[in-house]
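So this block is model.txt, compact mmCIF, C-alpha atoms and all ligand atoms:
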```txt
# COMPACT_ATOMS: atom_id res chain seq x y z
CA MET A 1 -55.61 -32.56 -40.91
CA LYS A 2 -59.29 -32.45 -39.91
CA LYS A 3 -60.73 -35.94 -39.40
CA LEU A 4 -63.29 -36.64 -42.11
CA LYS A 5 -66.38 -38.77 -42.53
CA ILE A 6 -65.80 -40.67 -45.77
CA GLY A 7 -68.17 -42.94 -47.68
CA ILE A 8 -66.42 -45.60 -49.81
CA THR A 9 -68.15 -47.59 -52.53
CA CYS A 10 -66.49 -50.40 -54.47
CA TYR A 11 -67.15 -53.85 -55.86
CA PRO A 12 -66.44 -55.46 -52.51
CA THR A 13 -65.74 -59.02 -53.51
CA VAL A 14 -64.18 -58.71 -56.96
CA GLY A 15 -60.59 -58.11 -57.89
CA GLY A 16 -57.99 -55.46 -57.30
CA SER A 17 -60.28 -52.41 -57.20
CA GLY A 18 -62.19 -53.86 -54.23
CA VAL A 19 -58.91 -54.77 -52.51
CA VAL A 20 -57.46 -51.27 -52.97
CA ALA A 21 -60.69 -49.56 -51.81
CA THR A 22 -60.90 -51.75 -48.70
CA GLU A 23 -57.23 -51.35 -47.80
CA LEU A 24 -57.57 -47.58 -48.29
CA GLY A 25 -60.55 -47.51 -45.91
CA LYS A 26 -58.63 -49.48 -43.30
CA LEU A 27 -55.55 -47.21 -43.46
CA LEU A 28 -57.71 -44.05 -43.39
CA ALA A 29 -59.50 -45.42 -40.31
CA GLU A 30 -56.11 -46.04 -38.66
CA LYS A 31 -55.38 -42.34 -39.27
CA GLY A 32 -58.55 -41.39 -37.40
CA HIS A 33 -61.06 -40.81 -40.20
CA GLU A 34 -64.55 -42.30 -39.94
CA ILE A 35 -65.18 -44.72 -42.81
CA HIS A 36 -68.56 -45.83 -44.15
CA PHE A 37 -68.45 -48.64 -46.72
CA ILE A 38 -71.60 -48.55 -48.84
CA SER A 39 -71.82 -51.65 -51.02
CA SER A 40 -73.73 -54.79 -51.87
CA SER A 41 -71.82 -57.00 -49.44
CA MET A 42 -69.12 -56.76 -46.80
CA PRO A 43 -65.71 -56.02 -48.40
CA PHE A 44 -63.82 -59.33 -48.21
CA ARG A 45 -60.60 -57.90 -46.80
CA LEU A 46 -62.42 -56.18 -43.94
CA ASN A 47 -61.30 -58.94 -41.63
CA LYS A 48 -60.88 -57.15 -38.31
CA MET A 49 -62.98 -55.01 -35.95
CA TYR A 50 -62.45 -51.25 -36.30
CA HIS A 51 -64.38 -48.87 -34.04
CA ASN A 52 -64.53 -46.26 -36.83
CA ILE A 53 -65.42 -48.42 -39.86
CA PHE A 54 -69.09 -48.99 -40.65
CA PHE A 55 -70.72 -51.09 -43.33
CA HIS A 56 -74.02 -50.11 -44.97
CA GLN A 57 -75.49 -52.85 -47.11
CA VAL A 58 -77.33 -52.03 -50.33
CA GLU A 59 -80.54 -54.09 -50.52
CA VAL A 60 -81.90 -54.48 -54.05
CA SER A 61 -85.61 -54.95 -54.58
CA GLN A 62 -86.55 -58.24 -56.24
CA TYR A 63 -90.05 -57.00 -57.20
CA SER A 64 -91.34 -59.15 -60.07
CA VAL A 65 -92.12 -56.18 -62.36
CA PHE A 66 -88.40 -55.50 -62.62
CA GLN A 67 -86.81 -57.54 -65.40
CA TYR A 68 -83.43 -56.42 -63.97
CA PRO A 69 -82.93 -55.67 -60.25
CA PRO A 70 -82.44 -51.87 -59.87
CA TYR A 71 -79.03 -52.01 -58.14
CA ASP A 72 -77.92 -48.55 -59.28
CA ILE A 73 -81.03 -46.87 -57.87
CA ALA A 74 -80.79 -48.84 -54.62
CA LEU A 75 -77.12 -47.89 -54.27
CA SER A 76 -77.86 -44.18 -54.90
CA SER A 77 -80.66 -44.22 -52.33
CA LYS A 78 -78.43 -45.90 -49.74
CA MET A 79 -75.64 -43.41 -50.45
CA ALA A 80 -78.06 -40.48 -50.00
CA GLU A 81 -79.38 -41.98 -46.76
CA VAL A 82 -75.85 -42.42 -45.35
CA ILE A 83 -74.72 -38.95 -46.54
CA ASN A 84 -77.59 -37.36 -44.59
CA ARG A 85 -77.67 -39.55 -41.48
CA GLU A 86 -73.89 -39.68 -40.96
CA GLU A 87 -73.22 -36.18 -42.34
CA LEU A 88 -70.53 -37.42 -44.70
CA ASP A 89 -67.91 -34.98 -45.95
CA LEU A 90 -67.15 -36.94 -49.08
CA LEU A 91 -67.80 -40.04 -51.14
CA HIS A 92 -64.84 -41.88 -52.64
CA VAL A 93 -66.10 -44.27 -55.29
CA HIS A 94 -64.01 -46.92 -57.00
CA TYR A 95 -64.79 -47.92 -60.59
CA ALA A 96 -66.62 -45.41 -62.78
CA ILE A 97 -69.68 -47.43 -63.66
CA PRO A 98 -72.12 -47.27 -62.02
CA HIS A 99 -70.48 -45.91 -58.86
CA ALA A 100 -69.56 -42.40 -60.03
CA VAL A 101 -72.98 -41.86 -61.60
CA CYS A 102 -74.71 -43.21 -58.46
CA ALA A 103 -72.67 -40.83 -56.30
CA ILE A 104 -73.79 -37.85 -58.41
CA LEU A 105 -77.43 -38.89 -58.14
CA ALA A 106 -77.04 -39.51 -54.37
CA LYS A 107 -75.56 -36.05 -53.89
CA GLN A 108 -78.58 -34.51 -55.61
CA MET A 109 -80.98 -36.65 -53.61
CA SER A 110 -79.32 -35.73 -50.30
CA GLY A 111 -79.25 -32.00 -50.96
CA ARG A 112 -75.91 -31.79 -49.14
CA ASP A 113 -72.68 -30.48 -50.60
CA VAL A 114 -70.85 -33.80 -50.26
CA LYS A 115 -67.68 -33.98 -52.38
CA ILE A 116 -67.18 -36.81 -54.87
CA VAL A 117 -63.83 -38.45 -55.60
CA THR A 118 -63.80 -41.13 -58.30
CA THR A 119 -60.93 -43.58 -58.84
CA LEU A 120 -60.68 -45.30 -62.22
CA HIS A 121 -59.22 -48.80 -61.98
CA GLY A 122 -58.89 -50.10 -65.51
CA THR A 123 -61.57 -52.18 -67.13
CA ASP A 124 -64.10 -49.42 -66.36
CA ILE A 125 -62.23 -47.55 -69.13
CA THR A 126 -60.29 -50.12 -71.16
CA VAL A 127 -63.23 -52.50 -71.64
CA LEU A 128 -66.48 -50.67 -70.77
CA GLY A 129 -65.24 -47.43 -72.36
CA TYR A 130 -65.56 -49.09 -75.78
CA ASP A 131 -69.20 -50.03 -75.12
CA SER A 132 -71.25 -47.34 -76.85
CA SER A 133 -74.15 -47.94 -74.44
CA LEU A 134 -71.92 -46.90 -71.51
CA ALA A 135 -69.28 -44.45 -72.77
CA ASP A 136 -71.43 -41.31 -72.36
CA SER A 137 -72.35 -42.30 -68.79
CA ILE A 138 -68.69 -42.93 -67.94
CA ARG A 139 -67.80 -39.45 -69.32
CA PHE A 140 -70.65 -37.91 -67.31
CA GLY A 141 -69.50 -39.68 -64.13
CA ILE A 142 -65.94 -38.44 -64.64
CA GLU A 143 -66.84 -34.85 -65.53
CA LYS A 144 -69.31 -34.41 -62.67
CA SER A 145 -66.98 -35.85 -60.00
CA ASP A 146 -65.04 -33.23 -58.03
CA VAL A 147 -61.75 -35.08 -58.38
CA VAL A 148 -60.88 -38.05 -60.57
CA THR A 149 -57.85 -40.26 -60.08
CA ALA A 150 -56.52 -43.21 -62.05
CA VAL A 151 -54.17 -45.91 -60.83
CA SER A 152 -51.43 -45.33 -63.45
CA GLU A 153 -50.22 -42.78 -66.00
CA SER A 154 -51.14 -45.26 -68.68
CA LEU A 155 -54.75 -45.36 -67.45
CA VAL A 156 -54.92 -41.55 -67.37
CA ASN A 157 -53.82 -41.48 -71.02
CA GLN A 158 -56.19 -44.26 -72.04
CA SER A 159 -59.08 -42.48 -70.29
CA TYR A 160 -58.47 -39.39 -72.44
CA ASP A 161 -58.07 -41.50 -75.60
CA VAL A 162 -61.14 -43.67 -75.08
CA ILE A 163 -63.58 -41.39 -73.23
CA GLY A 164 -62.21 -37.88 -73.93
CA PRO A 165 -63.52 -36.21 -70.76
CA LYS A 166 -63.03 -32.50 -70.14
CA LYS A 167 -61.55 -33.12 -66.71
CA ASP A 168 -58.16 -33.26 -65.08
CA ILE A 169 -57.34 -36.85 -64.07
CA LYS A 170 -54.56 -37.32 -61.52
CA THR A 171 -52.42 -40.43 -61.16
CA VAL A 172 -52.50 -41.94 -57.70
CA TYR A 173 -50.78 -45.31 -57.76
CA ASN A 174 -52.02 -48.40 -55.98
CA PHE A 175 -50.25 -49.48 -52.81
CA ILE A 176 -49.79 -52.40 -50.47
CA ASP A 177 -49.73 -52.66 -46.72
CA GLU A 178 -46.08 -53.49 -46.14
CA ARG A 179 -46.92 -54.93 -42.71
CA VAL A 180 -48.73 -57.72 -44.58
CA TYR A 181 -46.75 -58.05 -47.81
CA ARG A 182 -43.20 -58.93 -46.76
CA LYS A 183 -41.01 -61.97 -46.98
CA VAL A 184 -42.11 -64.52 -44.37
CA ASP A 185 -40.82 -67.96 -43.48
CA SER A 186 -43.27 -70.28 -45.19
CA SER A 187 -40.70 -72.80 -46.44
CA HIS A 188 -42.80 -75.67 -45.00
CA LEU A 189 -45.26 -75.04 -47.86
CA LYS A 190 -42.76 -76.34 -50.40
CA LYS A 191 -42.82 -79.74 -48.78
CA GLU A 192 -46.59 -79.63 -48.33
CA PHE A 193 -47.10 -78.85 -52.02
CA ALA A 194 -44.60 -81.60 -52.91
CA ILE A 195 -42.20 -79.16 -54.57
CA HIS A 196 -38.66 -80.48 -54.94
CA PRO A 197 -36.34 -78.36 -52.75
CA ASP A 198 -34.13 -77.47 -55.76
CA ASP A 199 -37.01 -76.39 -58.00
CA LYS A 200 -37.37 -72.80 -59.10
CA VAL A 201 -40.90 -71.76 -58.18
CA ILE A 202 -42.84 -69.58 -60.62
CA ILE A 203 -46.13 -68.02 -59.57
CA HIS A 204 -49.10 -66.49 -61.38
CA VAL A 205 -52.07 -64.96 -59.53
CA SER A 206 -55.19 -63.72 -61.30
CA ASN A 207 -58.91 -64.05 -61.86
CA PHE A 208 -58.25 -66.26 -64.93
CA ARG A 209 -60.11 -63.95 -67.28
CA PRO A 210 -59.08 -64.02 -70.97
CA VAL A 211 -57.22 -60.64 -70.61
CA LYS A 212 -54.80 -62.28 -68.15
CA ARG A 213 -53.50 -64.67 -70.88
CA VAL A 214 -52.95 -67.51 -68.41
CA THR A 215 -52.34 -69.88 -71.33
CA ASP A 216 -49.28 -67.75 -72.19
CA VAL A 217 -48.09 -68.29 -68.61
CA VAL A 218 -48.30 -72.06 -69.10
CA LYS A 219 -46.56 -71.93 -72.51
CA ALA A 220 -43.77 -69.72 -71.13
CA PHE A 221 -43.41 -72.04 -68.14
CA LYS A 222 -42.84 -74.97 -70.50
CA GLY A 223 -39.90 -73.08 -72.05
CA ILE A 224 -38.49 -72.31 -68.60
CA ALA A 225 -38.91 -75.90 -67.37
CA GLU A 226 -36.92 -77.17 -70.37
CA LYS A 227 -33.88 -75.33 -68.97
CA MET A 228 -34.20 -76.11 -65.24
CA SER A 229 -36.19 -78.03 -62.67
CA ALA A 230 -39.24 -75.85 -61.92
CA THR A 231 -42.77 -75.79 -60.49
CA LEU A 232 -45.59 -73.44 -61.52
CA LEU A 233 -48.09 -72.24 -58.89
CA LEU A 234 -51.37 -71.11 -60.48
CA VAL A 235 -53.39 -69.14 -57.96
CA GLY A 236 -56.97 -68.00 -58.60
CA ASP A 237 -59.91 -69.19 -60.63
CA GLY A 238 -62.11 -67.93 -63.45
CA PRO A 239 -63.49 -68.51 -66.92
CA GLU A 240 -60.20 -69.60 -68.53
CA MET A 241 -59.53 -72.36 -66.01
CA SER A 242 -60.69 -75.28 -68.18
CA ASN A 243 -58.59 -74.08 -71.16
CA VAL A 244 -55.59 -73.75 -68.86
CA CYS A 245 -56.05 -77.26 -67.41
CA LYS A 246 -56.37 -78.68 -70.94
CA LEU A 247 -53.18 -76.95 -72.07
CA VAL A 248 -51.26 -78.17 -69.01
CA ASP A 249 -52.28 -81.74 -69.92
CA GLU A 250 -51.46 -81.31 -73.63
CA LEU A 251 -48.00 -79.94 -72.84
CA GLY A 252 -47.30 -82.81 -70.42
CA LEU A 253 -46.82 -80.44 -67.47
CA LYS A 254 -49.28 -81.95 -65.00
CA GLY A 255 -46.58 -83.03 -62.51
CA GLN A 256 -45.00 -79.56 -62.48
CA VAL A 257 -48.10 -77.38 -62.09
CA ARG A 258 -50.04 -76.87 -58.85
CA PHE A 259 -53.56 -75.46 -59.20
CA LEU A 260 -54.17 -73.73 -55.87
CA GLY A 261 -57.50 -71.99 -56.61
CA LYS A 262 -58.41 -68.80 -54.78
CA GLN A 263 -56.18 -68.17 -51.77
CA GLU A 264 -55.79 -65.68 -48.93
CA ASN A 265 -52.46 -64.94 -47.20
CA LEU A 266 -50.67 -64.65 -50.52
CA GLU A 267 -47.49 -63.38 -48.85
CA GLU A 268 -46.86 -67.00 -47.81
CA LEU A 269 -47.00 -68.17 -51.42
CA TYR A 270 -44.91 -65.26 -52.73
CA SER A 271 -42.32 -66.03 -50.07
CA ILE A 272 -41.61 -69.48 -51.58
CA SER A 273 -41.61 -68.11 -55.15
CA ASP A 274 -38.63 -67.12 -57.30
CA LEU A 275 -40.47 -65.37 -60.13
CA MET A 276 -43.93 -63.94 -60.86
CA LEU A 277 -45.37 -63.98 -64.39
CA LEU A 278 -47.96 -61.33 -65.30
CA LEU A 279 -48.53 -61.62 -69.06
CA SER A 280 -51.84 -59.75 -69.47
CA GLU A 281 -53.07 -58.05 -72.63
CA LYS A 282 -54.80 -55.33 -70.56
CA GLU A 283 -53.62 -54.28 -67.11
CA SER A 284 -53.97 -50.78 -65.78
CA PHE A 285 -51.62 -51.42 -62.87
CA GLY A 286 -51.05 -55.04 -61.82
CA LEU A 287 -51.54 -55.12 -58.06
CA VAL A 288 -50.36 -58.74 -57.84
CA ALA A 289 -46.95 -57.75 -59.25
CA LEU A 290 -46.65 -55.13 -56.52
CA GLU A 291 -47.58 -57.68 -53.85
CA ALA A 292 -45.00 -60.12 -55.18
CA MET A 293 -42.30 -57.43 -55.38
CA ALA A 294 -42.96 -56.43 -51.76
CA CYS A 295 -42.14 -60.04 -50.82
CA GLY A 296 -38.89 -59.89 -52.81
CA VAL A 297 -40.08 -61.66 -55.96
CA PRO A 298 -38.84 -60.27 -59.30
CA CYS A 299 -41.58 -60.09 -61.95
CA VAL A 300 -41.78 -60.70 -65.67
CA GLY A 301 -44.55 -58.62 -67.24
CA THR A 302 -45.84 -57.62 -70.64
CA ASN A 303 -45.32 -54.20 -72.17
CA VAL A 304 -48.97 -53.35 -71.56
CA GLY A 305 -50.89 -50.63 -69.70
CA GLY A 306 -49.43 -49.73 -66.32
CA ILE A 307 -47.27 -52.85 -65.93
CA PRO A 308 -44.00 -51.06 -66.92
CA GLU A 309 -44.78 -48.37 -64.30
CA VAL A 310 -44.69 -51.08 -61.64
CA ILE A 311 -41.99 -53.46 -62.93
CA VAL A 312 -38.81 -51.64 -63.96
CA ASP A 313 -37.21 -53.49 -66.86
CA GLY A 314 -33.66 -54.55 -66.02
CA GLU A 315 -33.94 -53.42 -62.40
CA THR A 316 -36.77 -55.22 -60.62
CA GLY A 317 -37.73 -57.61 -63.40
CA VAL A 318 -38.21 -57.93 -67.12
CA ILE A 319 -40.71 -56.41 -69.55
CA CYS A 320 -41.47 -58.48 -72.65
CA GLU A 321 -43.58 -58.09 -75.77
CA LEU A 322 -47.19 -59.30 -75.32
CA GLY A 323 -47.56 -62.90 -76.48
CA ASN A 324 -43.87 -63.38 -77.35
CA ILE A 325 -43.51 -66.71 -75.57
CA ASP A 326 -39.93 -67.34 -76.70
CA GLU A 327 -38.76 -63.97 -75.37
CA ILE A 328 -40.66 -64.44 -72.07
CA ALA A 329 -39.30 -67.98 -71.52
CA GLU A 330 -35.74 -67.05 -72.49
CA LYS A 331 -35.53 -63.91 -70.34
CA SER A 332 -37.25 -65.59 -67.37
CA ALA A 333 -34.86 -68.53 -67.51
CA ALA A 334 -31.83 -66.24 -67.83
CA LEU A 335 -32.88 -64.31 -64.72
CA LEU A 336 -33.58 -67.47 -62.72
CA LEU A 337 -30.19 -68.96 -63.66
CA ASP A 338 -28.18 -65.82 -62.84
CA GLU A 339 -28.13 -66.00 -59.05
CA GLN A 340 -26.43 -62.69 -58.47
CA LYS A 341 -28.76 -60.79 -60.79
CA HIS A 342 -31.78 -62.51 -59.30
CA ARG A 343 -30.71 -61.53 -55.76
CA GLN A 344 -30.17 -57.93 -56.90
CA PHE A 345 -33.58 -57.74 -58.65
CA ALA A 346 -35.27 -59.21 -55.55
CA ALA A 347 -33.67 -56.55 -53.32
CA ASN A 348 -34.47 -53.79 -55.87
CA SER A 349 -38.11 -54.92 -55.92
CA VAL A 350 -38.50 -54.50 -52.16
CA ILE A 351 -36.82 -51.08 -52.29
CA ARG A 352 -38.99 -49.93 -55.20
CA VAL A 353 -42.19 -50.83 -53.34
CA ARG A 354 -40.94 -49.13 -50.18
CA ASP A 355 -39.93 -45.95 -52.06
CA HIS A 356 -42.94 -45.57 -54.36
CA PHE A 357 -45.91 -47.71 -53.32
CA ARG A 358 -46.04 -47.76 -49.52
CA GLY A 359 -49.52 -47.57 -48.03
CA GLU A 360 -48.51 -44.61 -45.90
CA THR A 361 -47.26 -42.60 -48.93
CA ILE A 362 -50.27 -43.23 -51.14
CA VAL A 363 -52.87 -42.76 -48.40
CA SER A 364 -51.30 -39.36 -47.66
CA GLN A 365 -51.78 -38.45 -51.34
CA TYR A 366 -55.48 -39.27 -51.07
CA GLU A 367 -55.75 -37.33 -47.80
CA LYS A 368 -54.20 -34.29 -49.52
CA ILE A 369 -56.80 -34.55 -52.29
CA TYR A 370 -59.62 -34.76 -49.72
CA GLU A 371 -58.24 -31.85 -47.70
CA GLU A 372 -57.89 -29.56 -50.74
CA LEU A 373 -61.44 -30.41 -51.81
CA ILE A 374 -62.95 -29.75 -48.41
CA LEU A 375 -61.01 -26.49 -48.05
CA SER A 376 -62.13 -25.38 -51.53
CA GLY A 377 -65.67 -25.24 -50.03
O1 LIG A 401 -57.70 -57.41 -62.76
C1 LIG A 401 -58.91 -57.42 -62.89
O2 LIG A 401 -59.44 -57.91 -63.89
C2 LIG A 401 -59.80 -56.84 -61.83
C3 LIG A 401 -59.78 -55.33 -61.92
C4 LIG A 401 -60.73 -54.72 -60.90
O3 LIG A 401 -61.48 -53.89 -61.34
O4 LIG A 401 -60.69 -55.02 -59.73
O5 LIG A 401 -58.45 -54.89 -61.70
C5 LIG A 401 -58.13 -53.60 -62.15
O6 LIG A 401 -57.89 -52.81 -61.00
C6 LIG A 401 -56.75 -53.21 -60.23
C7 LIG A 401 -56.66 -52.28 -59.00
O7 LIG A 401 -56.51 -50.96 -59.39
C8 LIG A 401 -55.48 -53.14 -61.08
O8 LIG A 401 -54.35 -53.55 -60.32
C9 LIG A 401 -55.64 -54.06 -62.29
O9 LIG A 401 -54.50 -53.88 -63.13
C10 LIG A 401 -56.90 -53.69 -63.06
N1 LIG A 401 -57.14 -54.73 -64.09
C11 LIG A 401 -57.09 -54.46 -65.39
O10 LIG A 401 -56.80 -53.36 -65.84
C12 LIG A 401 -57.36 -55.61 -66.30
```

Would you mind writing the file's structure down as structure tokens?
Amino acid sequence: MKKLKIGITCYPTVGGSGVVATELGKLLAEKGHEIHFISSSMPFRLNKMYHNIFFHQVEVSQYSVFQYPPYDIALSSKMAEVINREELDLLHVHYAIPHAVCAILAKQMSGRDVKIVTTLHGTDITVLGYDSSLADSIRFGIEKSDVVTAVSESLVNQSYDVIGPKKDIKTVYNFIDERVYRKVDSSHLKKEFAIHPDDKVIIHVSNFRPVKRVTDVVKAFKGIAEKMSATLLLVGDGPEMSNVCKLVDELGLKGQVRFLGKQENLEELYSISDLMLLLSEKESFGLVALEAMACGVPCVGTNVGGIPEVIVDGETGVICELGNIDEIAEKSAALLLDEQKHRQFAANSVIRVRDHFRGETIVSQYEKIYEELILSG
């Protein structure tokens, strides 16, 4: 296919949408496209030199008349500048608000027929979509984009239910770079984290926001630890952290829980884990479950959003009712104690990621979308 000049805008330092946007840019660059990240700061996973990846920083005026810094206007202006100077073919923006609306304004400002692809990631619909001050702008951003994708079938359906746009929304699943997310030998970490060699290791990774229900993870872990010797790795940080710490103390679990904070190189932590718990009340996809599965870790998730599209109940893990701690603890323990089943689920997880969520497969889907758009004129 023709090599394209693609502008990518995302929240560069926050959460899964920034990770997916950055990884997409890197894989597109490896395929020969020229990538221009346009955002407020350098995407945090952009950790290597690429000759065909450029970063354009959005500078927001701090002029004292402005009660609120005009980020959206500054972003649109920067997008328009880059569209014109670099002669971009298309803008791929991640997260509807404000990025899709900024892209539309930038296109008008530039006067060029740049194409706009918008990817919906979750909370831009499932949280902000219920905010009456934003819903009309989200609908506008979706309807005026050339192509709109969402990261799961569930998110496509929720977008129609909550926002009701007159626009086709395609599912393009998230992906992982399987060169990074694979089982590695990091067994030394068990000793370093003072984990008993016979312990089952359970992991949870999130931004500790209330929707992640990290307190449910701790409660479920207590039920699991009553049936076997186990350690819980809590990875990440966020607003719920103090409630989680308090609960760990109250339940007498201090010796069995390791608070690791924010971490890079997660494949090393997944590789010493036996089970991942993702018990969110909202989750459009659940990128961390995919990362864990790629490293051969079966997952227990809630029957929420896109989680059941990632974790296949009874094949790669277990799907439980949201907030049903007894069910979660019981089914998790049963899986951990059944060695043969656990081994099979671990192998199935790796195969599922390879067959459905490989970087190569998903990036080709995006390339096809770009190609069709450019050819449509
Ligand atoms: O998980 C978060 O709260 C961060 C959020 C984001 O916008 O980065 O994640 C959303 O996008 C990820 C990448 O597509 C998905 O894997 C997450 O499931 C989704 N989070 C929610 O829907 C709560």

Contacts of ligand LIG 401 (chain A), 6 Å or closer, all atoms listed in the file, given as a VMD selection string:
chain A and resid 14 to 18 121 to 123 151 282 to 287

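Distance-wise, atom CA of A:Ile319 and atom CA of A:Lys190 end up 27.7 Å apart.
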
Might you pull out every residue within 7 Å of A:Val117, with all atoms listed in the file counted and same-chain residues fewer than 2 positions away left off, and present them as a PyMOL selection string?
chain A and resi 91-93+115+119+145-148

To box stretch 273-289 of chain A, take all atoms listed in the file, fit an axis-aligned box, add 6 Å on each side, and give centre and edge lengths in Å to one decimal, as JSON.
```
{"center_x": -46.7, "center_y": -59.4, "center_z": -63.9, "size_x": 28.2, "size_y": 29.3, "size_z": 29.5}
```

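Between atom CA of A:Val218 and atom CA of A:Val248 lies a distance of 6.8 Å.
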
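The coordinates place atom CA of A:Arg209 at 5.8 Å from atom CA of A:Glu240.
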
Quick one: residues within 6 Å of stretch 199-203 of chain A, all atoms listed in the file counted, chain neighbours fewer than 3 positions away excluded, as a PDB file with C-alpha atoms, keeping the file's coordinate frame?
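Written out: part-v9.pdb:
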```
ATOM      1  CA  HIS A 196     -38.660 -80.480 -54.940  1.00  0.00           C
ATOM      2  CA  SER A 229     -36.190 -78.030 -62.670  1.00  0.00           C
ATOM      3  CA  ALA A 230     -39.240 -75.850 -61.920  1.00  0.00           C
ATOM      4  CA  THR A 231     -42.770 -75.790 -60.490  1.00  0.00           C
ATOM      5  CA  LEU A 232     -45.590 -73.440 -61.520  1.00  0.00           C
ATOM      6  CA  LEU A 233     -48.090 -72.240 -58.890  1.00  0.00           C
ATOM      7  CA  SER A 273     -41.610 -68.110 -55.150  1.00  0.00           C
ATOM      8  CA  ASP A 274     -38.630 -67.120 -57.300  1.00  0.00           C
ATOM      9  CA  LEU A 275     -40.470 -65.370 -60.130  1.00  0.00           C
ATOM     10  CA  MET A 276     -43.930 -63.940 -60.860  1.00  0.00           C
TER      11      MET A 276
END
```

So that I can check the surroundings of A:Leu266, please list as a PyMOL selection string every protein, DNA and RNA residue that reaches within 9 Å of it, counting all atoms listed in the file and ignoring chain neighbours fewer than 3 positions away.
chain A and resi 181+263+269-271+291-292
